[in-house]
Amino acid sequence: MLKSCDSKALEKIAHDVRVDIVKMIYYAGSGHPGGSLSLVEIMVYLYWCVLRHNPSNPSWEDRDRFVLSKGHAAPVLYSVLARSGYFPHDELWRLRKIDSRLQGHPARTDTPGVEASTGSLGQGFSVALGMALGLRLDRRSSRVYVALGDGEIDEGQVWETAMSAAHYKVDNLTAILDFNTLQIDGKIFDVMNSSPIDEKFKSFGWATRVINGHNFSEIRDAFEWSKTVKDRPQLIIAHTIKGKGISFMENRVEWHGKAPNKEQFIQAMQELGVEIPDENF
């Protein structure tokens with residue numbers, strides 16, 4: 001954690017994480033940049049300012065847990081884990097390589113700091129609920145955080161989990177919805193309109209809050225609020241921009257799951273103010 005979670009320090013980390021994401025996916029030749037870039041500020045704030053965790057002891061029993069239910073956004077998780085000290089930063093460039101610990105979706109048994117293997121949408125949410133219930137049974141003060149995609153909530157399993165979490169009053173569970181409004185097939189409102197999301201979760205018994213998912217002040221307030229809620233799980237609906245930070249990726253559905261070519265990579269690095277050594281090509 002940072003000694004002082006001021007926005008300037010967090011913005012620098014977020015910038016560096018965005019550089020990691022684009023580099024990883026370019027070197028791998030495949031991956032999901034759009035939904036990784038949209039989640040950056042949430043992930044940075046979680047790992048530097050919210051979670052109790054110990055990179056030197058990933059299995060520390062009193063740690064908080066984070067589950068990336070939208071597992072295709074693995075690049076943003078890998079970047080924050082590496083920058084937190086779970087494994088060497090240079091290992092990021094082995095994303096999706098044979099025998100790499102960093103596969104296209106998170107694998108709990110392979111990667112230090114990964115709490116759950118995810119990828120089948122909806123399942124990570126259920127796993128997070130199970131963790132929260134288990135921690136409560138063990139009388140631990142640890143909390144569980146889980147990130148969902150807005151396309152992911154098309155899955156019926158999400159709503160079963162939402163109903164169960166409220167029924168059992170699981171107040172040590174906080175879900176973050178990456179609400180970038182685009183999924184692989186297009187706009188979420190066209191594919192399967194789930195709005196009004198906040199009212200639906202409220203009707204299930206959840207406490208909800210809507211924020212700008214790229215504003216560290218609003219993110220801070222939301223996580224502080226979540227800790228004060230009793231007898232109800234919490235949902236933070238974070239309005240975000242798919243492909244945030246790269247002009248030609250922002251709000252473009254085609255960047256859900258493809259790698260930039262050489263020219264696009266160079267442009268992205270220029271926009272991020274990063275000089276590219278010739279040997280990278």
# chains A, B, ... in the order shown; residues from 1 in each chain; ligands from 1
call {"tool": "select_by_dssp", "arguments": {"residues": "region 19-250 of chain A", "states": "strand (DSSP E)", "output": "PyMOL selection string"}}
result
chain A and resi 65-68+144-149+173-179+182-183+186-187+207-212+234-239
call {"tool": "write_last_selection", "arguments": {"atoms": "N, CA and C atoms", "output": "compact mmCIF listing (two decimals), in the first residue's frame"}}
result
# COMPACT_ATOMS: atom_id res chain seq x y z
N ARG A 65 -9.44 -10.80 -0.10
CA ARG A 65 -9.42 -11.54 -1.36
C ARG A 65 -9.96 -10.67 -2.50
N PHE A 66 -9.35 -10.82 -3.68
CA PHE A 66 -9.88 -10.20 -4.89
C PHE A 66 -10.05 -11.27 -5.96
N VAL A 67 -11.24 -11.28 -6.58
CA VAL A 67 -11.52 -12.22 -7.66
C VAL A 67 -11.86 -11.43 -8.92
N LEU A 68 -11.14 -11.71 -10.00
CA LEU A 68 -11.43 -11.09 -11.29
C LEU A 68 -12.42 -11.99 -12.02
N VAL A 144 -13.96 -9.60 0.82
CA VAL A 144 -13.81 -10.12 -0.53
C VAL A 144 -14.30 -9.09 -1.52
N TYR A 145 -13.49 -8.85 -2.54
CA TYR A 145 -13.84 -7.92 -3.62
C TYR A 145 -13.85 -8.70 -4.93
N VAL A 146 -14.82 -8.39 -5.79
CA VAL A 146 -14.93 -9.11 -7.05
C VAL A 146 -15.30 -8.12 -8.16
N ALA A 147 -14.60 -8.24 -9.30
CA ALA A 147 -14.87 -7.36 -10.45
C ALA A 147 -15.65 -8.12 -11.51
N LEU A 148 -16.76 -7.53 -11.93
CA LEU A 148 -17.64 -8.10 -12.95
C LEU A 148 -17.64 -7.21 -14.18
N GLY A 149 -17.87 -7.81 -15.35
CA GLY A 149 -18.10 -7.04 -16.55
C GLY A 149 -19.58 -6.79 -16.76
N LEU A 173 -18.74 -8.76 1.34
CA LEU A 173 -18.58 -8.93 -0.10
C LEU A 173 -18.90 -7.62 -0.82
N THR A 174 -17.92 -7.12 -1.59
CA THR A 174 -18.12 -5.93 -2.40
C THR A 174 -17.86 -6.28 -3.86
N ALA A 175 -18.85 -6.05 -4.70
CA ALA A 175 -18.71 -6.27 -6.15
C ALA A 175 -18.51 -4.94 -6.85
N ILE A 176 -17.64 -4.95 -7.86
CA ILE A 176 -17.42 -3.77 -8.69
C ILE A 176 -17.83 -4.11 -10.10
N LEU A 177 -18.76 -3.36 -10.67
CA LEU A 177 -19.20 -3.60 -12.03
C LEU A 177 -18.48 -2.63 -12.96
N ASP A 178 -17.69 -3.18 -13.88
CA ASP A 178 -16.98 -2.38 -14.88
C ASP A 178 -17.98 -2.03 -15.98
N PHE A 179 -18.61 -0.89 -15.84
CA PHE A 179 -19.73 -0.51 -16.69
C PHE A 179 -19.22 0.34 -17.86
N LEU A 182 -19.89 -1.85 -23.36
CA LEU A 182 -19.60 -2.63 -24.57
C LEU A 182 -19.19 -4.04 -24.19
N GLN A 183 -19.69 -5.03 -24.94
CA GLN A 183 -19.26 -6.40 -24.79
C GLN A 183 -18.85 -6.93 -26.16
N GLY A 186 -21.17 -6.12 -29.11
CA GLY A 186 -21.68 -4.77 -29.33
C GLY A 186 -22.07 -4.08 -28.04
N LYS A 187 -22.98 -3.11 -28.16
CA LYS A 187 -23.44 -2.37 -26.98
C LYS A 187 -24.30 -3.28 -26.10
N ALA A 207 -26.84 -3.09 -1.36
CA ALA A 207 -26.58 -1.66 -1.30
C ALA A 207 -25.79 -1.29 -2.55
N THR A 208 -26.15 -0.20 -3.22
CA THR A 208 -25.50 0.15 -4.48
C THR A 208 -25.00 1.59 -4.47
N ARG A 209 -23.98 1.81 -5.27
CA ARG A 209 -23.43 3.16 -5.43
C ARG A 209 -22.90 3.29 -6.85
N VAL A 210 -23.14 4.44 -7.49
CA VAL A 210 -22.71 4.67 -8.86
C VAL A 210 -21.61 5.73 -8.86
N ILE A 211 -20.50 5.42 -9.58
CA ILE A 211 -19.35 6.33 -9.57
C ILE A 211 -18.75 6.44 -10.97
N ASN A 212 -17.86 7.42 -11.13
CA ASN A 212 -16.97 7.50 -12.28
C ASN A 212 -15.78 6.60 -11.97
N GLN A 234 -22.49 -5.21 -1.21
CA GLN A 234 -22.45 -3.90 -1.84
C GLN A 234 -22.04 -4.04 -3.31
N LEU A 235 -22.65 -3.23 -4.16
CA LEU A 235 -22.28 -3.16 -5.57
C LEU A 235 -21.87 -1.73 -5.90
N ILE A 236 -20.66 -1.59 -6.42
CA ILE A 236 -20.18 -0.31 -6.93
C ILE A 236 -20.26 -0.36 -8.45
N ILE A 237 -21.13 0.45 -9.02
CA ILE A 237 -21.28 0.50 -10.47
C ILE A 237 -20.34 1.60 -10.98
N ALA A 238 -19.26 1.19 -11.63
CA ALA A 238 -18.23 2.12 -12.06
C ALA A 238 -18.39 2.42 -13.55
N HIS A 239 -18.82 3.62 -13.86
CA HIS A 239 -18.90 4.04 -15.27
C HIS A 239 -17.48 4.22 -15.80
call {"tool": "residues_around", "arguments": {"residues": "Asp20 (chain A)", "least_positions_apart": "2", "cutoff": "12 Å", "atoms": "only C-alpha atoms", "output": "number ranges by chain"}}
result
A: 13-18, 22-28, 33, 36-37, 40, 74-83, 89-95, 265, 268-269, 272, 274
call {"tool": "closest_residue", "arguments": {"among": "A:Asp6, A:Glu275, A:Asp64, A:Glu155", "to": "Ala128 (chain A)", "atoms": "only C-alpha atoms"}}
result
A:Asp64
call {"tool": "atom_distance", "arguments": {"atom1": "CA of Glu224 (chain A)", "atom2": "CA of Ser7 (chain A)"}}
result
15.6 Å
call {"tool": "closest_residue", "arguments": {"among": "A:Leu129, A:Ile266, A:Ile21, A:Leu137", "to": "Met163 (chain A)", "atoms": "only C-alpha atoms"}}
result
A:Leu129
call {"tool": "select_by_dssp", "arguments": {"residues": "region 72-242 of chain A", "states": "helix (DSSP H, G or I)", "output": "PDB file with C-alpha atoms, in the first residue's frame"}}
result
ATOM      1  CA  HIS A  72     -10.441 -11.996 -19.876  1.00  0.00           C
ATOM      2  CA  ALA A  73      -9.138  -8.758 -18.298  1.00  0.00           C
ATOM      3  CA  ALA A  74      -6.203 -10.751 -16.901  1.00  0.00           C
ATOM      4  CA  PRO A  75      -3.565  -8.284 -18.239  1.00  0.00           C
ATOM      5  CA  VAL A  76      -4.615  -5.572 -15.778  1.00  0.00           C
ATOM      6  CA  LEU A  77      -4.530  -8.077 -12.907  1.00  0.00           C
ATOM      7  CA  TYR A  78      -1.093  -9.351 -13.915  1.00  0.00           C
ATOM      8  CA  SER A  79       0.288  -5.826 -14.112  1.00  0.00           C
ATOM      9  CA  VAL A  80      -0.880  -4.821 -10.633  1.00  0.00           C
ATOM     10  CA  LEU A  81       0.307  -8.126  -9.192  1.00  0.00           C
ATOM     11  CA  ALA A  82       3.764  -7.684 -10.720  1.00  0.00           C
ATOM     12  CA  ARG A  83       4.006  -4.061  -9.631  1.00  0.00           C
ATOM     13  CA  SER A  84       2.877  -5.088  -6.129  1.00  0.00           C
ATOM     14  CA  HIS A  89       7.864  -7.415 -13.705  1.00  0.00           C
ATOM     15  CA  ASP A  90       9.755  -8.793 -16.731  1.00  0.00           C
ATOM     16  CA  GLU A  91       7.570 -11.887 -16.545  1.00  0.00           C
ATOM     17  CA  LEU A  92       4.696  -9.809 -17.937  1.00  0.00           C
ATOM     18  CA  TRP A  93       6.170 -10.099 -21.425  1.00  0.00           C
ATOM     19  CA  ARG A  94       5.505 -13.844 -21.334  1.00  0.00           C
ATOM     20  CA  GLN A 123     -18.497 -18.189 -12.085  1.00  0.00           C
ATOM     21  CA  GLY A 124     -16.010 -15.872 -10.391  1.00  0.00           C
ATOM     22  CA  PHE A 125     -18.874 -14.032  -8.721  1.00  0.00           C
ATOM     23  CA  SER A 126     -20.088 -17.289  -7.175  1.00  0.00           C
ATOM     24  CA  VAL A 127     -16.571 -18.160  -6.046  1.00  0.00           C
ATOM     25  CA  ALA A 128     -16.253 -14.769  -4.375  1.00  0.00           C
ATOM     26  CA  LEU A 129     -19.521 -15.325  -2.500  1.00  0.00           C
ATOM     27  CA  GLY A 130     -18.267 -18.705  -1.311  1.00  0.00           C
ATOM     28  CA  MET A 131     -15.062 -17.099  -0.061  1.00  0.00           C
ATOM     29  CA  ALA A 132     -16.994 -14.427   1.804  1.00  0.00           C
ATOM     30  CA  LEU A 133     -19.242 -17.002   3.456  1.00  0.00           C
ATOM     31  CA  GLY A 134     -16.237 -19.110   4.413  1.00  0.00           C
ATOM     32  CA  LEU A 135     -14.444 -16.151   5.975  1.00  0.00           C
ATOM     33  CA  ARG A 136     -17.550 -15.305   7.984  1.00  0.00           C
ATOM     34  CA  LEU A 137     -17.835 -18.889   9.229  1.00  0.00           C
ATOM     35  CA  GLU A 152     -21.003 -10.718 -17.873  1.00  0.00           C
ATOM     36  CA  ILE A 153     -24.206  -9.945 -16.020  1.00  0.00           C
ATOM     37  CA  ASP A 154     -26.138 -11.471 -18.918  1.00  0.00           C
ATOM     38  CA  GLY A 156     -28.056 -16.250 -15.020  1.00  0.00           C
ATOM     39  CA  GLN A 157     -25.470 -17.420 -12.502  1.00  0.00           C
ATOM     40  CA  VAL A 158     -24.766 -13.772 -11.669  1.00  0.00           C
ATOM     41  CA  TRP A 159     -28.343 -13.249 -10.521  1.00  0.00           C
ATOM     42  CA  GLU A 160     -28.384 -16.490  -8.521  1.00  0.00           C
ATOM     43  CA  THR A 161     -25.294 -15.236  -6.720  1.00  0.00           C
ATOM     44  CA  ALA A 162     -26.809 -11.800  -6.183  1.00  0.00           C
ATOM     45  CA  MET A 163     -29.923 -13.354  -4.668  1.00  0.00           C
ATOM     46  CA  SER A 164     -27.929 -15.688  -2.406  1.00  0.00           C
ATOM     47  CA  ALA A 165     -25.523 -13.000  -1.188  1.00  0.00           C
ATOM     48  CA  ALA A 166     -28.397 -10.756  -0.130  1.00  0.00           C
ATOM     49  CA  HIS A 167     -30.359 -13.620   1.431  1.00  0.00           C
ATOM     50  CA  ILE A 188     -24.836  -4.081 -23.892  1.00  0.00           C
ATOM     51  CA  PHE A 189     -28.150  -2.290 -24.388  1.00  0.00           C
ATOM     52  CA  ASP A 190     -28.520  -3.937 -27.801  1.00  0.00           C
ATOM     53  CA  VAL A 191     -27.257  -7.417 -26.893  1.00  0.00           C
ATOM     54  CA  ILE A 197     -28.744  -2.304 -12.970  1.00  0.00           C
ATOM     55  CA  ASP A 198     -28.681  -0.384  -9.706  1.00  0.00           C
ATOM     56  CA  GLU A 199     -32.428  -0.787  -9.168  1.00  0.00           C
ATOM     57  CA  LYS A 200     -32.303  -4.497  -9.959  1.00  0.00           C
ATOM     58  CA  PHE A 201     -29.537  -5.136  -7.429  1.00  0.00           C
ATOM     59  CA  LYS A 202     -31.327  -2.991  -4.877  1.00  0.00           C
ATOM     60  CA  SER A 203     -34.462  -5.084  -5.377  1.00  0.00           C
ATOM     61  CA  PHE A 204     -32.377  -8.179  -4.629  1.00  0.00           C
ATOM     62  CA  PHE A 216      -9.787   8.318  -7.768  1.00  0.00           C
ATOM     63  CA  SER A 217     -11.709  10.563  -5.400  1.00  0.00           C
ATOM     64  CA  GLU A 218     -15.006   8.861  -6.237  1.00  0.00           C
ATOM     65  CA  ILE A 219     -13.368   5.434  -6.122  1.00  0.00           C
ATOM     66  CA  ARG A 220     -11.958   6.209  -2.669  1.00  0.00           C
ATOM     67  CA  ASP A 221     -15.325   7.350  -1.331  1.00  0.00           C
ATOM     68  CA  ALA A 222     -17.066   4.266  -2.715  1.00  0.00           C
ATOM     69  CA  PHE A 223     -14.699   1.793  -1.083  1.00  0.00           C
ATOM     70  CA  GLU A 224     -14.875   3.643   2.214  1.00  0.00           C
ATOM     71  CA  TRP A 225     -18.676   3.574   1.966  1.00  0.00           C
ATOM     72  CA  SER A 226     -18.699  -0.174   1.270  1.00  0.00           C
TER      73      SER A 226
END
call {"tool": "atom_distance", "arguments": {"atom1": "CA of Lys12 (chain A)", "atom2": "CA of Met43 (chain A)"}}
result
13.4 Å
call {"tool": "atom_distance", "arguments": {"atom1": "CA of Glu41 (chain A)", "atom2": "CA of Gly85 (chain A)"}}
result
18.3 Å
call {"tool": "residues_around", "arguments": {"residues": "region 250-254 of chain A", "least_positions_apart": "6", "cutoff": "10 Å", "atoms": "only C-alpha atoms", "output": "ChimeraX atom specification"}}
result
/A:34-35,37-38,180-187,240-244
call {"tool": "closest_residue", "arguments": {"among": "A:Glu115, A:Asp150, A:Asp231, A:Glu61", "to": "Met192 (chain A)", "atoms": "only C-alpha atoms"}}
result
A:Asp150
